[in-house]
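Single-structure report; data block below.
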Amino acid sequence: MKIACYPGSFDPLTVGHVDVALRARKIFDKVIILVANNPKKANAYLFSVEERVRLARETFKAYDGFEVAMTDGLVVRKAKELGAIALIRGLRAVTDYEAEYQMHEVNEYIEPSIDMVYLMSHRVQAFVSSSNIREMFAAGADISELVPQPVYKAMLEKAHRS
């Protein structure tokens with residue numbers, strides 16, 4: 001069984017993330033959505049790691065071949081522990097490439113047995129990033145088509161509590 005991990009903070013999970021994951025699933029038998037949590041950024045997250053894991057599970061429960069896991073350590077080590085042979089990464093623009101290339105070099109140094117697989121975002125989703133979604137939502141823009149419904153509902157609930 002060919003397993004890949006798709007790591008990210010997913011704060012929040014977007015339709016761009018879902019698109020990349022679904023396309024990765026066409027290549028791999030199982031895709032593990034790996035919610036990465038950096039304790040040093042705890043105050044910067046919109047959603048807690050538990051909320052992000054729950055929202056990913058809700059989003060992917062309708063699809064076969066997906067699992068959701070969490071790590072607060074090195075993504076590449078967790079991927080190896082989970083039996084993955086590759087990490088999936090989405091690229092929106094040339095600017096993403098430079099950061100991804102540096103991350104690739106670090107991951108290859110730490111765990112050379114894990115390959116990196118890059119999938120380009122579809123043109124219509126190239127502007128969709130978690131940080132853009134947070135900013136647009138805070139400014140009152142309609143983001144309902146840019147995030148999965150469980151995420152949109154959770155964002156509305158969080159905004160009403162504030």
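Lettering and numbering for the structure tokens are positional, with chains as A, B, ... in the shown order, residues counted from 1 in each chain, and ligands counted from 1 in the shown order.
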For His17 (chain A), list every protein, DNA or RNA residue within 10 Å, evaluated using only C-alpha atoms, and leave out those in the same chain fewer than 6 positions away; present the list as a list in words. Tyr6, Gly8, Phe10, Ile33, Arg89, Gly90, Ser121, Gln125, Val128, Ser129, Ser130, Val147 and Pro148 of chain A
Might you pull out every residue within 8 Å of region 55-70 of chain A, with only C-alpha atoms counted and same-chain residues fewer than 6 positions away left off, and present them as JSON, numbers by chain? {"A": [13, 25, 29, 30, 31, 32, 33, 34, 35, 36, 37, 49, 148, 149, 150, 151]}
Prev. selection, all heavy atoms, output as a short mmCIF file (atom, residue, chain, number, x, y, z; two decimals), in the first residue's frame:
```cif
data_model
loop_
_atom_site.label_atom_id
_atom_site.label_comp_id
_atom_site.auth_asym_id
_atom_site.auth_seq_id
_atom_site.Cartn_x
_atom_site.Cartn_y
_atom_site.Cartn_z
N LEU A 13 -8.41 24.91 7.06
CA LEU A 13 -8.43 24.03 5.89
C LEU A 13 -9.22 24.73 4.80
O LEU A 13 -10.28 25.29 5.06
CB LEU A 13 -9.10 22.71 6.27
CG LEU A 13 -9.12 21.59 5.24
CD1 LEU A 13 -7.72 21.05 5.01
CD2 LEU A 13 -10.03 20.48 5.73
N ARG A 25 -4.82 11.56 -3.74
CA ARG A 25 -5.45 10.25 -3.50
C ARG A 25 -5.54 9.43 -4.79
O ARG A 25 -5.56 8.20 -4.75
CB ARG A 25 -6.83 10.45 -2.87
CG ARG A 25 -7.63 9.22 -2.59
CD ARG A 25 -6.92 8.26 -1.64
NE ARG A 25 -7.74 7.08 -1.43
CZ ARG A 25 -7.74 6.01 -2.22
NH1 ARG A 25 -6.94 5.96 -3.27
NH2 ARG A 25 -8.53 5.00 -1.98
N ASP A 29 -2.58 5.08 -2.41
CA ASP A 29 -3.66 4.25 -1.86
C ASP A 29 -4.30 4.90 -0.64
O ASP A 29 -5.49 4.73 -0.39
CB ASP A 29 -3.12 2.87 -1.47
CG ASP A 29 -2.53 2.12 -2.65
OD1 ASP A 29 -3.20 2.08 -3.71
OD2 ASP A 29 -1.40 1.61 -2.53
N LYS A 30 -3.46 5.59 0.13
CA LYS A 30 -3.97 6.28 1.32
C LYS A 30 -3.23 7.60 1.47
O LYS A 30 -2.02 7.67 1.26
CB LYS A 30 -3.76 5.43 2.57
CG LYS A 30 -4.23 6.13 3.85
CD LYS A 30 -4.43 5.25 5.07
CE LYS A 30 -3.25 4.62 5.65
NZ LYS A 30 -3.46 3.99 6.96
N VAL A 31 -3.99 8.65 1.82
CA VAL A 31 -3.41 9.96 2.10
C VAL A 31 -3.75 10.31 3.54
O VAL A 31 -4.92 10.30 3.93
CB VAL A 31 -3.94 11.04 1.13
CG1 VAL A 31 -3.45 12.42 1.54
CG2 VAL A 31 -3.53 10.73 -0.31
N ILE A 32 -2.72 10.59 4.29
CA ILE A 32 -2.91 11.00 5.68
C ILE A 32 -2.77 12.52 5.75
O ILE A 32 -1.72 13.07 5.40
CB ILE A 32 -1.87 10.33 6.61
CG1 ILE A 32 -2.00 8.81 6.52
CG2 ILE A 32 -2.05 10.82 8.05
CD1 ILE A 32 -0.88 8.05 7.21
N ILE A 33 -3.85 13.17 6.14
CA ILE A 33 -3.82 14.61 6.36
C ILE A 33 -3.10 14.80 7.69
O ILE A 33 -3.61 14.38 8.73
CB ILE A 33 -5.25 15.20 6.41
CG1 ILE A 33 -6.08 14.80 5.17
CG2 ILE A 33 -5.20 16.71 6.61
CD1 ILE A 33 -5.50 15.21 3.84
N LEU A 34 -1.93 15.38 7.65
CA LEU A 34 -1.10 15.49 8.84
C LEU A 34 -1.13 16.93 9.34
O LEU A 34 -0.48 17.82 8.79
CB LEU A 34 0.33 15.05 8.52
CG LEU A 34 1.31 14.98 9.68
CD1 LEU A 34 0.78 14.09 10.80
CD2 LEU A 34 2.65 14.47 9.19
N VAL A 35 -1.92 17.15 10.37
CA VAL A 35 -2.08 18.48 10.95
C VAL A 35 -0.84 18.77 11.81
O VAL A 35 -0.61 18.11 12.82
CB VAL A 35 -3.37 18.58 11.79
CG1 VAL A 35 -3.50 19.96 12.41
CG2 VAL A 35 -4.58 18.23 10.94
N ALA A 36 -0.06 19.73 11.35
CA ALA A 36 1.17 20.09 12.04
C ALA A 36 0.87 21.20 13.04
O ALA A 36 0.19 22.17 12.72
CB ALA A 36 2.22 20.55 11.03
N ASN A 37 1.37 21.00 14.24
CA ASN A 37 1.14 21.97 15.30
C ASN A 37 2.47 22.45 15.84
O ASN A 37 3.28 21.65 16.26
CB ASN A 37 0.33 21.33 16.43
CG ASN A 37 -0.14 22.35 17.43
OD1 ASN A 37 -0.72 23.36 17.06
ND2 ASN A 37 0.11 22.10 18.69
N VAL A 49 -5.24 22.86 17.77
CA VAL A 49 -4.88 21.66 17.01
C VAL A 49 -6.02 20.64 17.05
O VAL A 49 -6.31 19.98 16.06
CB VAL A 49 -3.53 21.06 17.47
CG1 VAL A 49 -3.62 20.50 18.89
CG2 VAL A 49 -3.08 19.99 16.49
N PRO A 148 -14.24 24.29 3.21
CA PRO A 148 -15.27 23.27 3.35
C PRO A 148 -16.36 23.72 4.34
O PRO A 148 -16.09 24.53 5.25
CB PRO A 148 -14.51 22.06 3.91
CG PRO A 148 -13.08 22.32 3.57
CD PRO A 148 -12.91 23.81 3.57
N GLN A 149 -17.56 23.23 4.18
CA GLN A 149 -18.69 23.66 5.02
C GLN A 149 -18.43 23.49 6.53
O GLN A 149 -18.77 24.39 7.30
CB GLN A 149 -19.98 22.96 4.61
CG GLN A 149 -20.61 23.61 3.38
CD GLN A 149 -20.82 25.12 3.56
OE1 GLN A 149 -21.52 25.56 4.45
NE2 GLN A 149 -20.17 25.91 2.71
N PRO A 150 -17.84 22.37 7.00
CA PRO A 150 -17.57 22.29 8.45
C PRO A 150 -16.65 23.41 8.94
O PRO A 150 -16.82 23.92 10.04
CB PRO A 150 -16.89 20.92 8.62
CG PRO A 150 -17.30 20.13 7.42
CD PRO A 150 -17.47 21.12 6.31
N VAL A 151 -15.71 23.81 8.11
CA VAL A 151 -14.78 24.89 8.47
C VAL A 151 -15.52 26.23 8.49
O VAL A 151 -15.36 27.02 9.43
CB VAL A 151 -13.58 24.94 7.49
CG1 VAL A 151 -12.70 26.15 7.76
CG2 VAL A 151 -12.77 23.65 7.58
#
```
DSSP on the backbone, helix (DSSP H, G or I) only: what residues of chain A does that give? Format it as a ChimeraX atom specification. /A:15-25,39-44,49-60,75-81,94-110,123-125,130-138,149-161
If you measure from CA of Arg92 (chain A) to CA of Lys153 (chain A), what distance in Å do you get, rounded to one decimal? 25.5 Å
Would you list the contacts of Val117 (chain A) as JSON, numbers by chain, taking every protein, DNA or RNA residue within 7 Å and counting only C-alpha atoms, but skipping same-chain residues closer than 3 positions in sequence? {"A": [86, 87, 88, 89]}
Saved selection, atoms kept: N, CA and C atoms, as a PDB file, in the first residue's frame:
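Generated output (selection35.pdb):
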```
ATOM      1  N   ALA A  86       5.932   9.320   0.872  1.00  0.00           N
ATOM      2  CA  ALA A  86       6.014  10.652   0.269  1.00  0.00           C
ATOM      3  C   ALA A  86       5.263  11.677   1.094  1.00  0.00           C
ATOM      4  N   LEU A  87       5.695  12.921   0.943  1.00  0.00           N
ATOM      5  CA  LEU A  87       4.969  14.075   1.470  1.00  0.00           C
ATOM      6  C   LEU A  87       4.362  14.796   0.272  1.00  0.00           C
ATOM      7  N   ILE A  88       3.112  15.186   0.399  1.00  0.00           N
ATOM      8  CA  ILE A  88       2.415  15.933  -0.638  1.00  0.00           C
ATOM      9  C   ILE A  88       2.505  17.410  -0.300  1.00  0.00           C
ATOM     10  N   ARG A  89       2.792  18.218  -1.297  1.00  0.00           N
ATOM     11  CA  ARG A  89       2.817  19.660  -1.105  1.00  0.00           C
ATOM     12  C   ARG A  89       2.116  20.316  -2.287  1.00  0.00           C
TER      13      ARG A  89
END
```
Those in region 20-93 of chain A with strand (DSSP E) from DSSP, as a PyMOL selection string: chain A and resi 30-36+66-71+86-91
Write the selection just made, keeping all heavy atoms, as a CSV table (one decimal), in the first residue's frame?
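Final file, result-v6.csv:
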```csv
chain,number,residue,atom,x,y,z
A,30,LYS,N,-3.5,5.6,0.1
A,30,LYS,CA,-4.0,6.3,1.3
A,30,LYS,C,-3.2,7.6,1.5
A,30,LYS,O,-2.0,7.7,1.3
A,30,LYS,CB,-3.8,5.4,2.6
A,30,LYS,CG,-4.2,6.1,3.8
A,30,LYS,CD,-4.4,5.3,5.1
A,30,LYS,CE,-3.2,4.6,5.6
A,30,LYS,NZ,-3.5,4.0,7.0
A,31,VAL,N,-4.0,8.6,1.8
A,31,VAL,CA,-3.4,10.0,2.1
A,31,VAL,C,-3.8,10.3,3.5
A,31,VAL,O,-4.9,10.3,3.9
A,31,VAL,CB,-3.9,11.0,1.1
A,31,VAL,CG1,-3.5,12.4,1.5
A,31,VAL,CG2,-3.5,10.7,-0.3
A,32,ILE,N,-2.7,10.6,4.3
A,32,ILE,CA,-2.9,11.0,5.7
A,32,ILE,C,-2.8,12.5,5.7
A,32,ILE,O,-1.7,13.1,5.4
A,32,ILE,CB,-1.9,10.3,6.6
A,32,ILE,CG1,-2.0,8.8,6.5
A,32,ILE,CG2,-2.0,10.8,8.1
A,32,ILE,CD1,-0.9,8.1,7.2
A,33,ILE,N,-3.8,13.2,6.1
A,33,ILE,CA,-3.8,14.6,6.4
A,33,ILE,C,-3.1,14.8,7.7
A,33,ILE,O,-3.6,14.4,8.7
A,33,ILE,CB,-5.3,15.2,6.4
A,33,ILE,CG1,-6.1,14.8,5.2
A,33,ILE,CG2,-5.2,16.7,6.6
A,33,ILE,CD1,-5.5,15.2,3.8
A,34,LEU,N,-1.9,15.4,7.6
A,34,LEU,CA,-1.1,15.5,8.8
A,34,LEU,C,-1.1,16.9,9.3
A,34,LEU,O,-0.5,17.8,8.8
A,34,LEU,CB,0.3,15.1,8.5
A,34,LEU,CG,1.3,15.0,9.7
A,34,LEU,CD1,0.8,14.1,10.8
A,34,LEU,CD2,2.7,14.5,9.2
A,35,VAL,N,-1.9,17.1,10.4
A,35,VAL,CA,-2.1,18.5,11.0
A,35,VAL,C,-0.8,18.8,11.8
A,35,VAL,O,-0.6,18.1,12.8
A,35,VAL,CB,-3.4,18.6,11.8
A,35,VAL,CG1,-3.5,20.0,12.4
A,35,VAL,CG2,-4.6,18.2,10.9
A,36,ALA,N,-0.1,19.7,11.3
A,36,ALA,CA,1.2,20.1,12.0
A,36,ALA,C,0.9,21.2,13.0
A,36,ALA,O,0.2,22.2,12.7
A,36,ALA,CB,2.2,20.6,11.0
A,66,PHE,N,-8.6,8.2,3.2
A,66,PHE,CA,-8.1,9.3,4.0
A,66,PHE,C,-8.0,9.0,5.5
A,66,PHE,O,-8.9,8.3,6.0
A,66,PHE,CB,-8.9,10.6,3.7
A,66,PHE,CG,-8.6,11.2,2.4
A,66,PHE,CD1,-9.5,10.9,1.4
A,66,PHE,CD2,-7.5,12.0,2.2
A,66,PHE,CE1,-9.2,11.5,0.1
A,66,PHE,CE2,-7.3,12.6,0.9
A,66,PHE,CZ,-8.2,12.3,-0.1
A,67,GLU,N,-7.0,9.5,6.1
A,67,GLU,CA,-6.9,9.4,7.5
A,67,GLU,C,-6.4,10.8,8.0
A,67,GLU,O,-5.8,11.5,7.2
A,67,GLU,CB,-5.9,8.3,7.9
A,67,GLU,CG,-5.7,8.0,9.3
A,67,GLU,CD,-4.6,6.9,9.4
A,67,GLU,OE1,-4.8,5.8,8.8
A,67,GLU,OE2,-3.6,7.1,10.2
A,68,VAL,N,-6.6,11.1,9.2
A,68,VAL,CA,-6.1,12.4,9.8
A,68,VAL,C,-5.3,12.1,11.0
A,68,VAL,O,-5.7,11.3,11.9
A,68,VAL,CB,-7.3,13.4,10.2
A,68,VAL,CG1,-6.7,14.7,10.8
A,68,VAL,CG2,-8.1,13.7,8.9
A,69,ALA,N,-4.1,12.7,11.1
A,69,ALA,CA,-3.2,12.5,12.2
A,69,ALA,C,-2.7,13.9,12.6
A,69,ALA,O,-2.9,14.9,11.8
A,69,ALA,CB,-2.1,11.6,11.9
A,70,MET,N,-1.9,14.0,13.7
A,70,MET,CA,-1.4,15.2,14.2
A,70,MET,C,0.1,15.0,14.6
A,70,MET,O,0.4,13.9,15.0
A,70,MET,CB,-2.2,15.7,15.4
A,70,MET,CG,-1.9,17.1,15.9
A,70,MET,SD,-0.5,17.2,17.0
A,70,MET,CE,-1.1,16.6,18.5
A,71,THR,N,0.9,16.1,14.5
A,71,THR,CA,2.2,16.0,15.0
A,71,THR,C,2.6,17.4,15.5
A,71,THR,O,2.2,18.4,15.0
A,71,THR,CB,3.2,15.6,13.9
A,71,THR,OG1,4.5,15.4,14.6
A,71,THR,CG2,3.3,16.5,12.8
A,86,ALA,N,5.9,9.3,0.9
A,86,ALA,CA,6.0,10.7,0.3
A,86,ALA,C,5.3,11.7,1.1
A,86,ALA,O,4.3,11.3,1.8
A,86,ALA,CB,5.4,10.6,-1.1
A,87,LEU,N,5.7,12.9,0.9
A,87,LEU,CA,5.0,14.1,1.5
A,87,LEU,C,4.4,14.8,0.3
A,87,LEU,O,5.0,15.0,-0.7
A,87,LEU,CB,5.9,15.0,2.2
A,87,LEU,CG,6.5,14.6,3.5
A,87,LEU,CD1,7.5,15.7,4.1
A,87,LEU,CD2,5.5,14.2,4.5
A,88,ILE,N,3.1,15.2,0.4
A,88,ILE,CA,2.4,15.9,-0.6
A,88,ILE,C,2.5,17.4,-0.3
A,88,ILE,O,2.3,17.8,0.8
A,88,ILE,CB,0.9,15.5,-0.7
A,88,ILE,CG1,0.8,14.0,-0.9
A,88,ILE,CG2,0.2,16.4,-1.7
A,88,ILE,CD1,1.3,13.5,-2.2
A,89,ARG,N,2.8,18.2,-1.3
A,89,ARG,CA,2.8,19.7,-1.1
A,89,ARG,C,2.1,20.3,-2.3
A,89,ARG,O,2.3,19.9,-3.4
A,89,ARG,CB,4.3,20.2,-1.0
A,89,ARG,CG,5.1,19.6,0.1
A,89,ARG,CD,4.5,19.9,1.5
A,89,ARG,NE,4.6,21.4,1.7
A,89,ARG,CZ,4.0,22.0,2.7
A,89,ARG,NH1,3.2,21.3,3.6
A,89,ARG,NH2,4.1,23.3,2.9
A,90,GLY,N,1.3,21.3,-2.0
A,90,GLY,CA,0.7,22.1,-3.0
A,90,GLY,C,1.5,23.3,-3.4
A,90,GLY,O,2.1,24.0,-2.5
A,91,LEU,N,1.5,23.7,-4.6
A,91,LEU,CA,2.2,24.9,-5.1
A,91,LEU,C,1.2,25.8,-5.8
A,91,LEU,O,0.5,25.4,-6.7
A,91,LEU,CB,3.4,24.6,-6.1
A,91,LEU,CG,4.5,23.8,-5.5
A,91,LEU,CD1,5.5,23.4,-6.7
A,91,LEU,CD2,5.3,24.6,-4.5
```
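If only C-alpha atoms are the atoms counted, then among A:Leu119, A:Ile110, A:Met103, A:Leu46 the closest residue to Ile27 (chain A) is A:Leu119.
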If you count only C-alpha atoms, which residues fall within 12 Å of Lys41 (chain A), apart from same-chain ones fewer than 6 positions away, as a VMD selection string? chain A and resid 9 11 47 to 49 72
Could those selected residues go to a file with C-alpha atoms, as a tab-separated table (two decimals), in the first residue's frame?
```tsv
chain	number	residue	atom	x	y	z
A	9	SER	CA	-1.20	23.69	9.73
A	11	ASP	CA	-5.60	26.92	9.88
A	47	PHE	CA	-8.21	27.04	15.66
A	48	SER	CA	-6.60	24.80	18.27
A	49	VAL	CA	-4.88	21.66	17.01
A	72	ASP	CA	4.02	18.68	17.02
```
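Counting only C-alpha atoms, the residue from A:Ala44, A:Val53, A:Ala24, A:Leu74 that sits nearest to Ser131 (chain A) is A:Ala44.
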How far is it from CA of Ile3 (chain A) to CA of Gly83 (chain A), in Å with one decimal? 6.6 Å
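The interatomic distance for the pair CA of Pro12 (chain A) and CA of Arg52 (chain A) works out to 7.3 Å.
Between Asp115 (chain A) and the residues A:Gln102, A:Asp96, A:Ala21, A:Ala79, the shortest atom-to-atom distance, using only C-alpha atoms, involves A:Ala79.
Residue nearest Val76 (chain A) within the list A:Glu108, A:Glu157, A:Glu135, A:Asp142: A:Glu108 [criterion: smallest interatomic distance, only C-alpha atoms].
Each of A:Ala42, A:Glu81, A:Tyr152, A:Ala159 was compared to Ile114 (chain A) using only C-alpha atoms, and A:Glu81 turns out to be the nearest.
Residue nearest Pro7 (chain A) within the list A:Met116, A:Lys26, A:Leu146, A:Asn43: A:Met116 [criterion: smallest interatomic distance, only C-alpha atoms].
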